[in-house]
$ cat target-v5.pdb   # PDB, C-alpha atoms
ATOM      1  CA  MET A1351      11.552 -11.999  -6.978
ATOM      2  CA  LEU A1352      14.872 -11.398  -8.734
ATOM      3  CA  GLY A1353      15.939  -8.291  -6.846
ATOM      4  CA  GLY A1354      13.236  -7.187  -4.480
ATOM      5  CA  THR A1355      15.099  -4.830  -2.170
ATOM      6  CA  GLU A1356      14.756  -1.498  -4.014
ATOM      7  CA  PHE A1357      12.082   0.554  -5.785
ATOM      8  CA  VAL A1358       9.955  -1.545  -8.183
ATOM      9  CA  GLY A1359      11.240  -4.883  -6.943
ATOM     10  CA  ARG A1360      10.575  -3.874  -3.367
ATOM     11  CA  ALA A1361       7.080  -2.654  -4.248
ATOM     12  CA  VAL A1362       6.268  -5.997  -5.871
ATOM     13  CA  THR A1363       7.674  -7.891  -2.895
ATOM     14  CA  GLU A1364       5.727  -5.798  -0.366
ATOM     15  CA  ALA A1365       2.509  -6.209  -2.355
ATOM     16  CA  ALA A1366       2.980  -9.966  -2.684
ATOM     17  CA  LEU A1367       3.590 -10.329   1.052
ATOM     18  CA  ALA A1368       0.484  -8.259   1.782
ATOM     19  CA  ARG A1369      -1.537 -10.743  -0.293
ATOM     20  CA  GLY A1370      -0.236 -13.629   1.765
ATOM     21  CA  HIS A1371       2.100 -15.068  -0.857
ATOM     22  CA  GLU A1372       5.284 -16.889   0.068
ATOM     23  CA  VAL A1373       8.047 -14.785  -1.460
ATOM     24  CA  THR A1374      11.640 -15.706  -2.201
ATOM     25  CA  VAL A1375      13.943 -12.748  -2.860
ATOM     26  CA  PHE A1376      17.155 -13.398  -4.767
ATOM     27  CA  HIS A1377      19.564 -10.485  -4.310
ATOM     28  CA  ARG A1378      23.183  -9.516  -3.781
ATOM     29  CA  GLY A1379      22.817  -8.723  -0.098
ATOM     30  CA  ARG A1380      23.531  -5.009  -0.405
ATOM     31  CA  HIS A1381      20.126  -3.963   0.954
ATOM     32  CA  GLU A1382      17.790  -5.559   3.454
ATOM     33  CA  PRO A1383      14.691  -7.119   1.863
ATOM     34  CA  PRO A1384      11.274  -6.717   3.459
ATOM     35  CA  ALA A1385      10.645  -8.809   6.540
ATOM     36  CA  GLY A1386       8.943 -12.118   5.914
ATOM     37  CA  VAL A1387      10.705 -13.240   2.729
ATOM     38  CA  VAL A1388      13.004 -16.151   2.086
ATOM     39  CA  SER A1389      16.292 -14.462   1.214
ATOM     40  CA  LEU A1390      18.765 -16.030  -1.242
ATOM     41  CA  HIS A1391      22.031 -14.356  -2.167
ATOM     42  CA  GLY A1392      23.867 -14.273  -5.473
ATOM     43  CA  ASP A1393      25.282 -11.981  -8.138
ATOM     44  CA  ARG A1394      23.671 -12.641 -11.497
ATOM     45  CA  THR A1395      26.655 -11.229 -13.351
ATOM     46  CA  SER A1396      29.207 -13.599 -11.780
ATOM     47  CA  PRO A1397      30.115 -17.165 -12.764
ATOM     48  CA  GLU A1398      27.993 -19.531 -10.701
ATOM     49  CA  GLY A1399      26.115 -16.440  -9.505
ATOM     50  CA  LEU A1400      22.755 -18.229  -9.784
ATOM     51  CA  ALA A1401      23.814 -21.199  -7.662
ATOM     52  CA  ALA A1402      21.360 -20.306  -4.886
ATOM     53  CA  LEU A1403      18.512 -20.850  -7.371
ATOM     54  CA  ALA A1404      19.633 -24.334  -8.398
ATOM     55  CA  ASP A1405      16.855 -25.928  -6.339
ATOM     56  CA  GLY A1406      13.278 -24.970  -5.580
ATOM     57  CA  GLU A1407       9.980 -24.412  -7.368
ATOM     58  CA  TRP A1408       7.902 -21.254  -7.718
ATOM     59  CA  ASP A1409       4.659 -20.225  -9.354
ATOM     60  CA  VAL A1410       5.929 -16.919 -10.737
ATOM     61  CA  VAL A1411       9.257 -15.205 -11.340
ATOM     62  CA  VAL A1412       9.398 -11.384 -11.463
ATOM     63  CA  ASP A1413      12.522  -9.891 -13.045
ATOM     64  CA  THR A1414      13.357  -6.167 -13.350
ATOM     65  CA  TRP A1415      16.862  -6.472 -14.879
ATOM     66  CA  SER A1416      17.911  -3.477 -17.021
ATOM     67  CA  HIS A1417      21.382  -4.338 -18.306
ATOM     68  CA  ALA A1418      22.943  -7.120 -20.407
ATOM     69  CA  PRO A1419      20.066  -9.275 -21.737
ATOM     70  CA  ALA A1420      22.089 -12.480 -21.385
ATOM     71  CA  VAL A1421      21.589 -12.166 -17.624
ATOM     72  CA  VAL A1422      17.823 -12.487 -18.136
ATOM     73  CA  ARG A1423      18.423 -15.400 -20.519
ATOM     74  CA  ASP A1424      20.491 -17.313 -17.979
ATOM     75  CA  ALA A1425      18.015 -16.843 -15.138
ATOM     76  CA  ALA A1426      15.023 -17.750 -17.307
ATOM     77  CA  ARG A1427      16.797 -20.825 -18.663
ATOM     78  CA  LEU A1428      17.661 -22.035 -15.166
ATOM     79  CA  LEU A1429      14.111 -21.544 -13.866
ATOM     80  CA  ALA A1430      12.076 -22.560 -16.929
ATOM     81  CA  GLY A1431      11.340 -26.066 -15.646
ATOM     82  CA  ARG A1432      10.726 -25.052 -12.034
ATOM     83  CA  ALA A1433       8.755 -21.799 -12.179
ATOM     84  CA  GLY A1434       5.470 -21.523 -13.973
ATOM     85  CA  HIS A1435       5.326 -17.950 -15.297
ATOM     86  CA  TYR A1436       8.007 -15.374 -16.095
ATOM     87  CA  VAL A1437       7.179 -11.699 -15.576
ATOM     88  CA  TYR A1438       9.714  -9.323 -17.062
ATOM     89  CA  VAL A1439       9.356  -5.675 -16.093
ATOM     90  CA  SER A1440      10.390  -3.989 -19.299
ATOM     91  CA  SER A1441       9.912  -0.404 -20.460
ATOM     92  CA  ARG A1442       8.085   1.674 -23.000
ATOM     93  CA  SER A1443      11.583   2.610 -24.167
ATOM     94  CA  VAL A1444      11.449  -0.499 -26.377
ATOM     95  CA  TYR A1445       9.381   1.589 -28.819
ATOM     96  CA  PRO A1446      11.431   3.822 -31.121
ATOM     97  CA  GLU A1447      10.812   7.554 -31.005
ATOM     98  CA  THR A1448       9.062   7.299 -34.378
ATOM     99  CA  ALA A1449       6.403   4.902 -33.069
ATOM    100  CA  SER A1450       2.811   6.025 -33.580
ATOM    101  CA  LEU A1451       1.102   7.141 -30.379
ATOM    102  CA  ASP A1452      -2.060   5.147 -30.979
ATOM    103  CA  ALA A1453      -0.356   1.906 -32.043
ATOM    104  CA  GLY A1454      -0.258   0.544 -28.506
ATOM    105  CA  GLU A1455       1.607  -2.682 -27.908
ATOM    106  CA  ASP A1456       1.606  -3.429 -31.653
ATOM    107  CA  ALA A1457       3.963  -0.531 -32.402
ATOM    108  CA  PRO A1458       7.360  -1.286 -33.981
ATOM    109  CA  LEU A1459      10.162  -2.128 -31.562
ATOM    110  CA  VAL A1460      13.856  -1.366 -31.317
ATOM    111  CA  ASP A1461      16.306  -4.134 -32.120
ATOM    112  CA  GLY A1462      17.630  -6.313 -29.334
ATOM    113  CA  SER A1463      19.480  -9.554 -28.740
ATOM    114  CA  ALA A1464      18.753 -12.132 -26.057
ATOM    115  CA  ASP A1465      22.386 -13.214 -26.111
ATOM    116  CA  GLU A1466      24.042  -9.817 -25.684
ATOM    117  CA  ALA A1467      26.361 -10.159 -22.704
ATOM    118  CA  GLY A1468      27.864  -6.662 -22.767
ATOM    119  CA  GLU A1469      26.403  -3.326 -21.791
ATOM    120  CA  VAL A1470      23.986  -1.892 -24.334
ATOM    121  CA  ALA A1471      21.744   1.160 -24.426
ATOM    122  CA  TYR A1472      18.682   1.003 -22.182
ATOM    123  CA  PRO A1473      16.063   0.462 -24.945
ATOM    124  CA  GLN A1474      18.084  -2.362 -26.500
ATOM    125  CA  ALA A1475      18.774  -3.873 -23.079
ATOM    126  CA  LYS A1476      15.084  -4.018 -22.232
ATOM    127  CA  ARG A1477      14.121  -5.388 -25.655
ATOM    128  CA  GLY A1478      16.844  -8.007 -25.389
ATOM    129  CA  GLY A1479      15.531  -8.948 -21.963
ATOM    130  CA  GLU A1480      12.060  -9.395 -23.434
ATOM    131  CA  LEU A1481      13.404 -11.643 -26.172
ATOM    132  CA  ALA A1482      15.406 -13.663 -23.667
ATOM    133  CA  ALA A1483      12.399 -14.310 -21.458
ATOM    134  CA  ILE A1484      10.209 -15.260 -24.417
ATOM    135  CA  ARG A1485      12.814 -17.613 -25.879
ATOM    136  CA  GLU A1486      13.302 -19.524 -22.625
ATOM    137  CA  TYR A1487       9.690 -19.547 -21.433
ATOM    138  CA  GLY A1488       7.634 -19.244 -24.581
ATOM    139  CA  ALA A1489       5.233 -16.435 -25.402
ATOM    140  CA  ASP A1490       2.333 -18.054 -23.547
ATOM    141  CA  ARG A1491       4.232 -18.136 -20.220
ATOM    142  CA  THR A1492       5.865 -14.707 -20.439
ATOM    143  CA  LEU A1493       4.306 -11.430 -19.311
ATOM    144  CA  LEU A1494       6.045  -8.269 -20.521
ATOM    145  CA  VAL A1495       5.272  -5.271 -18.314
ATOM    146  CA  ARG A1496       6.257  -2.235 -20.383
ATOM    147  CA  ALA A1497       6.255   0.384 -17.675
ATOM    148  CA  GLY A1498       6.336   4.091 -18.322
ATOM    149  CA  LEU A1499       7.846   6.683 -15.988
ATOM    150  CA  ILE A1500       7.797   5.186 -12.472
ATOM    151  CA  LEU A1501       7.412   7.304  -9.327
ATOM    152  CA  GLY A1502       6.610   6.637  -5.690
ATOM    153  CA  PRO A1503       8.195   5.507  -2.422
ATOM    154  CA  TRP A1504      11.594   3.750  -2.626
ATOM    155  CA  GLU A1505      12.474   5.669  -5.795
ATOM    156  CA  ASN A1506      16.217   5.414  -6.452
ATOM    157  CA  ILE A1507      16.316   7.606  -9.556
ATOM    158  CA  GLY A1508      15.597  10.877  -7.758
ATOM    159  CA  ARG A1509      12.857  12.482  -9.840
ATOM    160  CA  LEU A1510       9.967  12.929  -7.431
ATOM    161  CA  PRO A1511      12.307  13.191  -4.412
ATOM    162  CA  TRP A1512      14.020  16.140  -6.073
ATOM    163  CA  TRP A1513      10.755  18.008  -6.629
ATOM    164  CA  LEU A1514       9.638  17.304  -3.060
ATOM    165  CA  ASN A1515      12.895  18.510  -1.550
ATOM    166  CA  ARG A1516      12.828  21.569  -3.773
ATOM    167  CA  ALA A1517       9.298  22.406  -2.651
ATOM    168  CA  ALA A1518      10.276  21.870   0.980
ATOM    169  CA  ARG A1519      13.082  24.410   0.598
ATOM    170  CA  GLY A1520      10.444  27.038  -0.099
ATOM    171  CA  GLY A1521      10.592  30.421  -1.816
ATOM    172  CA  ASP A1522       9.969  31.142  -5.472
ATOM    173  CA  MET A1523      10.090  27.838  -7.329
ATOM    174  CA  LEU A1524      10.537  27.461 -11.071
ATOM    175  CA  ALA A1525       7.562  25.553 -12.449
ATOM    176  CA  PRO A1526       8.024  24.481 -16.079
ATOM    177  CA  GLY A1527       4.896  25.039 -18.107
ATOM    178  CA  PRO A1528       2.386  24.888 -19.447
ATOM    179  CA  ARG A1529       0.636  24.239 -16.150
ATOM    180  CA  ASP A1530      -1.938  21.990 -17.824
ATOM    181  CA  LEU A1531       0.694  19.939 -19.675
ATOM    182  CA  GLY A1532      -0.275  16.302 -19.312
ATOM    183  CA  ILE A1533       2.100  13.781 -17.765
ATOM    184  CA  GLN A1534       1.951  10.004 -17.593
ATOM    185  CA  TYR A1535       3.618   7.955 -14.882
ATOM    186  CA  ILE A1536       2.877   4.918 -12.749
ATOM    187  CA  ASP A1537       3.146   4.739  -8.987
ATOM    188  CA  CYS A1538       5.410   1.769  -8.250
ATOM    189  CA  ARG A1539       2.749   0.321  -5.954
ATOM    190  CA  ASP A1540       0.083   0.478  -8.675
ATOM    191  CA  LEU A1541       2.561  -1.152 -11.033
ATOM    192  CA  ALA A1542       3.130  -3.874  -8.453
ATOM    193  CA  GLU A1543      -0.568  -4.513  -7.852
ATOM    194  CA  TRP A1544      -1.376  -4.751 -11.554
ATOM    195  CA  THR A1545       1.637  -7.010 -12.147
ATOM    196  CA  LEU A1546       0.520  -9.410  -9.419
ATOM    197  CA  ASP A1547      -3.086  -9.362 -10.658
ATOM    198  CA  ALA A1548      -1.878 -10.133 -14.180
ATOM    199  CA  ALA A1549       0.431 -12.914 -13.011
ATOM    200  CA  GLU A1550      -2.285 -14.495 -10.892
ATOM    201  CA  ALA A1551      -4.605 -14.386 -13.916
ATOM    202  CA  GLY A1552      -1.973 -15.992 -16.125
ATOM    203  CA  LEU A1553      -1.783 -13.097 -18.562
ATOM    204  CA  SER A1554       0.968 -13.154 -21.162
ATOM    205  CA  GLY A1555       2.330 -10.876 -23.846
ATOM    206  CA  PRO A1556       3.146  -7.162 -23.721
ATOM    207  CA  TYR A1557       1.241  -4.509 -21.772
ATOM    208  CA  ASN A1558       1.936  -0.785 -21.555
ATOM    209  CA  VAL A1559       1.573   0.013 -17.849
ATOM    210  CA  VAL A1560       1.342   3.716 -17.101
ATOM    211  CA  SER A1561      -1.459   6.066 -16.055
ATOM    212  CA  PRO A1562      -4.061   6.927 -18.695
ATOM    213  CA  PRO A1563      -3.780  10.272 -20.489
ATOM    214  CA  GLY A1564      -5.367  13.003 -18.374
ATOM    215  CA  HIS A1565      -4.543  11.344 -15.048
ATOM    216  CA  ALA A1566      -2.155  14.136 -14.040
ATOM    217  CA  THR A1567      -0.526  17.343 -15.243
ATOM    218  CA  MET A1568       2.628  19.213 -14.321
ATOM    219  CA  GLY A1569       0.315  21.518 -12.396
ATOM    220  CA  SER A1570      -1.300  18.781 -10.318
ATOM    221  CA  LEU A1571       2.079  17.151  -9.636
ATOM    222  CA  LEU A1572       3.820  20.318  -8.467
ATOM    223  CA  ASP A1573       0.779  21.555  -6.554
ATOM    224  CA  ALA A1574       0.834  18.256  -4.677
ATOM    225  CA  CYS A1575       4.562  18.562  -3.956
ATOM    226  CA  VAL A1576       4.095  22.047  -2.520
ATOM    227  CA  ARG A1577       1.088  21.073  -0.443
ATOM    228  CA  VAL A1578       2.509  17.924   1.161
ATOM    229  CA  THR A1579       5.778  19.680   2.085
ATOM    230  CA  GLY A1580       4.052  22.457   3.994
ATOM    231  CA  ASP A1581       3.152  25.125   1.390
ATOM    232  CA  ARG A1582       6.537  26.819   1.710
ATOM    233  CA  ALA A1583       7.167  27.240  -2.027
ATOM    234  CA  VAL A1584       5.462  29.577  -4.488
ATOM    235  CA  LEU A1585       5.181  28.128  -7.980
ATOM    236  CA  ARG A1586       6.346  30.513 -10.698
ATOM    237  CA  TRP A1587       4.998  29.065 -13.925
ATOM    238  CA  THR A1588       7.373  29.681 -16.799
ATOM    239  CA  ASP A1589       6.960  29.022 -20.504
ATOM    240  CA  PRO A1590       9.273  26.455 -22.115
ATOM    241  CA  GLU A1591      11.088  29.005 -24.297
ATOM    242  CA  PRO A1592      13.070  30.848 -21.587
ATOM    243  CA  ILE A1593      13.810  27.565 -19.834
ATOM    244  CA  LEU A1594      15.281  26.035 -22.963
ATOM    245  CA  ALA A1595      17.059  29.277 -23.865
ATOM    246  CA  ALA A1596      18.853  29.069 -20.506
ATOM    247  CA  GLY A1597      20.310  25.710 -21.539
ATOM    248  CA  ILE A1598      18.284  23.748 -19.000
ATOM    249  CA  GLU A1599      17.920  20.117 -19.980
ATOM    250  CA  PRO A1600      14.353  18.774 -19.717
ATOM    251  CA  TRP A1601      13.818  15.467 -17.916
ATOM    252  CA  LEU A1602      17.244  15.564 -16.214
ATOM    253  CA  GLN A1603      17.505  19.055 -14.719
ATOM    254  CA  LEU A1604      13.745  19.423 -14.436
ATOM    255  CA  PRO A1605      12.650  15.832 -13.784
ATOM    256  CA  VAL A1606       9.456  14.486 -15.384
ATOM    257  CA  TRP A1607       9.009  17.646 -17.488
ATOM    258  CA  LEU A1608       9.298  17.625 -21.251
ATOM    259  CA  PRO A1609       8.213  20.635 -23.336
ATOM    260  CA  PRO A1610       5.312  20.143 -25.738
ATOM    261  CA  GLY A1611       6.407  18.291 -28.857
ATOM    262  CA  GLU A1612       7.126  14.843 -30.232
ATOM    263  CA  LEU A1613       9.241  13.614 -27.319
ATOM    264  CA  HIS A1614       6.660  14.768 -24.785
ATOM    265  CA  ASP A1615       3.954  12.942 -26.692
ATOM    266  CA  LYS A1616       6.008   9.739 -26.832
ATOM    267  CA  ILE A1617       6.618   9.724 -23.077
ATOM    268  CA  HIS A1618       3.457  11.337 -21.748
ATOM    269  CA  ASN A1619       0.699  10.445 -24.212
ATOM    270  CA  SER A1620       0.842   6.702 -24.745
ATOM    271  CA  ALA A1621      -1.901   4.144 -25.319
ATOM    272  CA  VAL A1622      -2.732   2.105 -22.218
ATOM    273  CA  ALA A1623      -6.207   0.759 -23.031
ATOM    274  CA  LYS A1624      -5.037  -2.861 -22.870
ATOM    275  CA  ALA A1625      -3.797  -2.587 -19.280
ATOM    276  CA  VAL A1626      -6.793  -0.511 -18.187
ATOM    277  CA  ALA A1627      -9.111  -3.180 -19.623
ATOM    278  CA  THR A1628      -7.379  -5.778 -17.451
ATOM    279  CA  GLY A1629      -7.789  -3.811 -14.233
ATOM    280  CA  LEU A1630      -5.036  -1.192 -14.042
ATOM    281  CA  ARG A1631      -5.889   1.313 -11.321
ATOM    282  CA  CYS A1632      -3.879   4.458 -10.621
ATOM    283  CA  ARG A1633      -4.037   6.319  -7.338
ATOM    284  CA  PRO A1634      -4.257  10.146  -7.297
ATOM    285  CA  VAL A1635      -1.057  12.102  -7.770
ATOM    286  CA  GLU A1636      -1.608  13.703  -4.354
ATOM    287  CA  GLU A1637      -1.343  10.282  -2.704
ATOM    288  CA  THR A1638       1.843   9.414  -4.565
ATOM    289  CA  ALA A1639       3.420  12.725  -3.561
ATOM    290  CA  ALA A1640       2.327  12.486   0.079
ATOM    291  CA  ASP A1641       3.482   8.900   0.550
ATOM    292  CA  THR A1642       6.800   9.545  -1.168
ATOM    293  CA  TRP A1643       7.388  12.539   1.102
ATOM    294  CA  THR A1644       6.577  10.470   4.183
ATOM    295  CA  TRP A1645       9.035   7.789   3.065
ATOM    296  CA  LEU A1646      11.682  10.365   2.159
ATOM    297  CA  ARG A1647      11.507  11.985   5.585
ATOM    298  CA  SER A1648      11.681   8.563   7.244
ATOM    299  CA  ILE A1649      15.127   7.989   5.696
ATOM    300  CA  GLY A1650      16.497  11.448   6.480
ATOM    301  CA  GLY A1651      15.432  13.315   3.346
ATOM    302  CA  THR A1652      18.006  11.938   0.906
ATOM    303  CA  ALA A1653      16.783   9.350  -1.576
ATOM    304  CA  PRO A1654      18.998   6.401  -2.547
ATOM    305  CA  GLN A1655      20.697   6.789  -5.907
ATOM    306  CA  ARG A1656      21.255   4.076  -8.474
ATOM    307  CA  PRO A1657      24.898   4.228  -9.538
ATOM    308  CA  ASP A1658      24.036   3.613 -13.186
ATOM    309  CA  ARG A1659      21.722   6.628 -13.463
ATOM    310  CA  PRO A1660      22.679  10.316 -13.587
ATOM    311  CA  ARG A1661      21.674  12.574 -10.737
ATOM    312  CA  VAL A1662      18.744  14.800 -11.579
ATOM    313  CA  GLY A1663      17.817  18.306 -10.546
ATOM    314  CA  LEU A1664      18.466  21.977 -11.170
ATOM    315  CA  ALA A1665      21.110  24.048  -9.418
ATOM    316  CA  PRO A1666      19.649  26.888  -7.311
ATOM    317  CA  ALA A1667      21.744  29.493  -9.137
ATOM    318  CA  THR A1668      20.386  28.416 -12.518
ATOM    319  CA  GLU A1669      16.828  28.447 -11.202
ATOM    320  CA  ALA A1670      17.298  31.947  -9.793
ATOM    321  CA  LYS A1671      18.734  33.170 -13.076
ATOM    322  CA  VAL A1672      15.689  32.024 -15.034
ATOM    323  CA  LEU A1673      13.258  33.409 -12.488
ATOM    324  CA  GLY A1674      15.117  36.695 -12.567
ATOM    325  CA  GLY A1675      14.712  36.966 -16.310
TER     326      GLY A1675
END

$ encode --input "target-v5.pdb" --output "structure tokens"
Amino acid sequence: MLGGTEFVGRAVTEAALARGHEVTVFHRGRHEPPAGVVSLHGDRTSPEGLAALADGEWDVVVDTWSHAPAVVRDAARLLAGRAGHYVYVSSRSVYPETASLDAGEDAPLVDGSADEAGEVAYPQAKRGGELAAIREYGADRTLLVRAGLILGPWENIGRLPWWLNRAARGGDMLAPGPRDLGIQYIDCRDLAEWTLDAAEAGLSGPYNVVSPPGHATMGSLLDACVRVTGDRAVLRWTDPEPILAAGIEPWLQLPVWLPPGELHDKIHNSAVAKAVATGLRCRPVEETAADTWTWLRSIGGTAPQRPDRPRVGLAPATEAKVLGG
């Protein structure tokens, strides 16, 4: 596991350990990995940063890198003769906004370069990472996990933790509508289980990995957040128009939510039949909310924050202004 101490990487590591696999975690040493792994230290962005991986053999490599694609290239090149399968956790962001909803994994892709060593935009970084893995391992030994929105315990982006903490604060709570607006996401643990199943089966190529359409709505998500935090908040469902008129930014200030339209459909209405056909299972939204709340309370209520991602959430004064009309 390249990484393995936070969010998706940690979920994969925990799931692999639970299956009885021997797991090596290569990380920078900033966070403690799960107990039971072999821990190797290194910084992939530094000269000689992969030295700890110079020896050893593995069945599968799982890589979640989201920045300069050349970092994926270098790791894949080093491991190509000593690790059987390369799993790159990519993103549905590799599809341009104009991609057809029903095109699935065959939709057009953004441009990317496997050799880009500088910082690039997230979609191009993930596409470049895909190309790097394929070039070094070959298409038949590379699995591309194109994840959608990821939620669940260990989240270091802040989306579900913000909603849970807001619900725990109680009182009238702005709920962006419509209530039945569909959302798609993947619990990091379901992502991990499918990824391990796919790797064990030797699957290759791209897979969109996110819950099927209809799995959850804004209503079921926020209802779950209120319920698991003690029913202290009262949801005040509000149409998109006054929210947008107040200058509130969807997705960032109101995490997960996007108003009905093309962008909502791109993020929350994607084709996932290929992954479902290979065994993707998604737990109920109530379970994701409850387990994330349990984890959040266990670390004092404040979720870790990735330094390369903006903080999410709505200021109380802005919320009150909208609710007050």

$ atom_distance --input "target-v5.pdb" --atom1 "atom CA of Glu1480 of chain A" --atom2 "atom CA of Leu1499 of chain A"
18.2 Å

$ residues_near_point --input "target-v5.pdb" --point "(11.8, 0.5, -6.2)" --cutoff "7 Å" --atoms "all atoms listed in the file" --output "JSON, numbers by chain"
{"A": [1356, 1357, 1358, 1359, 1360, 1361, 1504, 1505, 1506, 1538]}

$ write_last_selection --input "target-v5.pdb" --atoms "C-alpha atoms" --output "PDB file, keeping the file's coordinate frame"
ATOM      1  CA  GLU A1356      14.756  -1.498  -4.014  1.00  0.00           C
ATOM      2  CA  PHE A1357      12.082   0.554  -5.785  1.00  0.00           C
ATOM      3  CA  VAL A1358       9.955  -1.545  -8.183  1.00  0.00           C
ATOM      4  CA  GLY A1359      11.240  -4.883  -6.943  1.00  0.00           C
ATOM      5  CA  ARG A1360      10.575  -3.874  -3.367  1.00  0.00           C
ATOM      6  CA  ALA A1361       7.080  -2.654  -4.248  1.00  0.00           C
ATOM      7  CA  TRP A1504      11.594   3.750  -2.626  1.00  0.00           C
ATOM      8  CA  GLU A1505      12.474   5.669  -5.795  1.00  0.00           C
ATOM      9  CA  ASN A1506      16.217   5.414  -6.452  1.00  0.00           C
ATOM     10  CA  CYS A1538       5.410   1.769  -8.250  1.00  0.00           C
TER      11      CYS A1538
END

$ atom_distance --input "target-v5.pdb" --atom1 "atom CA of Trp1643 of chain A" --atom2 "atom CA of Asn1515 of chain A"
8.5 Å

$ residues_around --input "target-v5.pdb" --residues "segment 1370-1377 of chain A" --least-positions-apart "5" --cutoff "9 Å" --atoms "all atoms listed in the file" --output "MDAnalysis selection string"
chainID A and resid 1351:1355 1363 1365 1383 1386:1394 1400 1402:1403 1408

$ closest_residue --input "target-v5.pdb" --among "A:Ala1425, A:Leu1531, A:Val1662, A:Ala1368" --to "Trp1513 of chain A" --atoms "only C-alpha atoms"
A:Val1662

$ resolve_selection --input "target-v5.pdb" --expression "the PyMOL selection byres ((chain A and resi 1453) around 12)" --output "PyMOL selection string"
chain A and resi 1445-1446+1448-1452+1454-1459+1558+1616+1619-1624

$ write_last_selection --input "target-v5.pdb" --atoms "C-alpha atoms" --output "PDB file, in the frame of the given file"
ATOM      1  CA  TYR A1445       9.381   1.589 -28.819  1.00  0.00           C
ATOM      2  CA  PRO A1446      11.431   3.822 -31.121  1.00  0.00           C
ATOM      3  CA  THR A1448       9.062   7.299 -34.378  1.00  0.00           C
ATOM      4  CA  ALA A1449       6.403   4.902 -33.069  1.00  0.00           C
ATOM      5  CA  SER A1450       2.811   6.025 -33.580  1.00  0.00           C
ATOM      6  CA  LEU A1451       1.102   7.141 -30.379  1.00  0.00           C
ATOM      7  CA  ASP A1452      -2.060   5.147 -30.979  1.00  0.00           C
ATOM      8  CA  GLY A1454      -0.258   0.544 -28.506  1.00  0.00           C
ATOM      9  CA  GLU A1455       1.607  -2.682 -27.908  1.00  0.00           C
ATOM     10  CA  ASP A1456       1.606  -3.429 -31.653  1.00  0.00           C
ATOM     11  CA  ALA A1457       3.963  -0.531 -32.402  1.00  0.00           C
ATOM     12  CA  PRO A1458       7.360  -1.286 -33.981  1.00  0.00           C
ATOM     13  CA  LEU A1459      10.162  -2.128 -31.562  1.00  0.00           C
ATOM     14  CA  ASN A1558       1.936  -0.785 -21.555  1.00  0.00           C
ATOM     15  CA  LYS A1616       6.008   9.739 -26.832  1.00  0.00           C
ATOM     16  CA  ASN A1619       0.699  10.445 -24.212  1.00  0.00           C
ATOM     17  CA  SER A1620       0.842   6.702 -24.745  1.00  0.00           C
ATOM     18  CA  ALA A1621      -1.901   4.144 -25.319  1.00  0.00           C
ATOM     19  CA  VAL A1622      -2.732   2.105 -22.218  1.00  0.00           C
ATOM     20  CA  ALA A1623      -6.207   0.759 -23.031  1.00  0.00           C
ATOM     21  CA  LYS A1624      -5.037  -2.861 -22.870  1.00  0.00           C
TER      22      LYS A1624
END

$ atom_distance --input "target-v5.pdb" --atom1 "atom CA of Arg1369 of chain A" --atom2 "atom CA of Arg1427 of chain A"
27.8 Å

$ residues_near_point --input "target-v5.pdb" --point "(9.6, 13.9, -32.9)" --cutoff "8 Å" --atoms "all atoms listed in the file" --output "ChimeraX atom specification"
/A:1447-1448,1611-1613

$ write_last_selection --input "target-v5.pdb" --atoms "C-alpha atoms" --output "tab-separated table (two decimals), keeping the file's coordinate frame"
chain	number	residue	atom	x	y	z
A	1447	GLU	CA	10.81	7.55	-31.00
A	1448	THR	CA	9.06	7.30	-34.38
A	1611	GLY	CA	6.41	18.29	-28.86
A	1612	GLU	CA	7.13	14.84	-30.23
A	1613	LEU	CA	9.24	13.61	-27.32

$ residues_around --input "target-v5.pdb" --residues "Ala1482 of chain A" --least-positions-apart "4" --cutoff "10 Å" --atoms "all atoms listed in the file" --output "list in words"
Pro1419, Ala1420, Val1421, Val1422, Arg1423, Asp1424, Ala1425, Ala1426, Arg1427, Tyr1438, Gly1462, Ser1463, Ala1464, Asp1465, Glu1466, Lys1476, Arg1477, Gly1478, Glu1486, Tyr1487 and Gly1488 of chain A

$ write_last_selection --input "target-v5.pdb" --atoms "C-alpha atoms" --output "mmCIF file, in the frame of the given file"
data_model
loop_
_atom_site.group_PDB
_atom_site.id
_atom_site.type_symbol
_atom_site.label_atom_id
_atom_site.label_comp_id
_atom_site.auth_asym_id
_atom_site.auth_seq_id
_atom_site.Cartn_x
_atom_site.Cartn_y
_atom_site.Cartn_z
ATOM 1 C CA PRO A 1419 20.066 -9.275 -21.737
ATOM 2 C CA ALA A 1420 22.089 -12.480 -21.385
ATOM 3 C CA VAL A 1421 21.589 -12.166 -17.624
ATOM 4 C CA VAL A 1422 17.823 -12.487 -18.136
ATOM 5 C CA ARG A 1423 18.423 -15.400 -20.519
ATOM 6 C CA ASP A 1424 20.491 -17.313 -17.979
ATOM 7 C CA ALA A 1425 18.015 -16.843 -15.138
ATOM 8 C CA ALA A 1426 15.023 -17.750 -17.307
ATOM 9 C CA ARG A 1427 16.797 -20.825 -18.663
ATOM 10 C CA TYR A 1438 9.714 -9.323 -17.062
ATOM 11 C CA GLY A 1462 17.630 -6.313 -29.334
ATOM 12 C CA SER A 1463 19.480 -9.554 -28.740
ATOM 13 C CA ALA A 1464 18.753 -12.132 -26.057
ATOM 14 C CA ASP A 1465 22.386 -13.214 -26.111
ATOM 15 C CA GLU A 1466 24.042 -9.817 -25.684
ATOM 16 C CA LYS A 1476 15.084 -4.018 -22.232
ATOM 17 C CA ARG A 1477 14.121 -5.388 -25.655
ATOM 18 C CA GLY A 1478 16.844 -8.007 -25.389
ATOM 19 C CA GLU A 1486 13.302 -19.524 -22.625
ATOM 20 C CA TYR A 1487 9.690 -19.547 -21.433
ATOM 21 C CA GLY A 1488 7.634 -19.244 -24.581
#
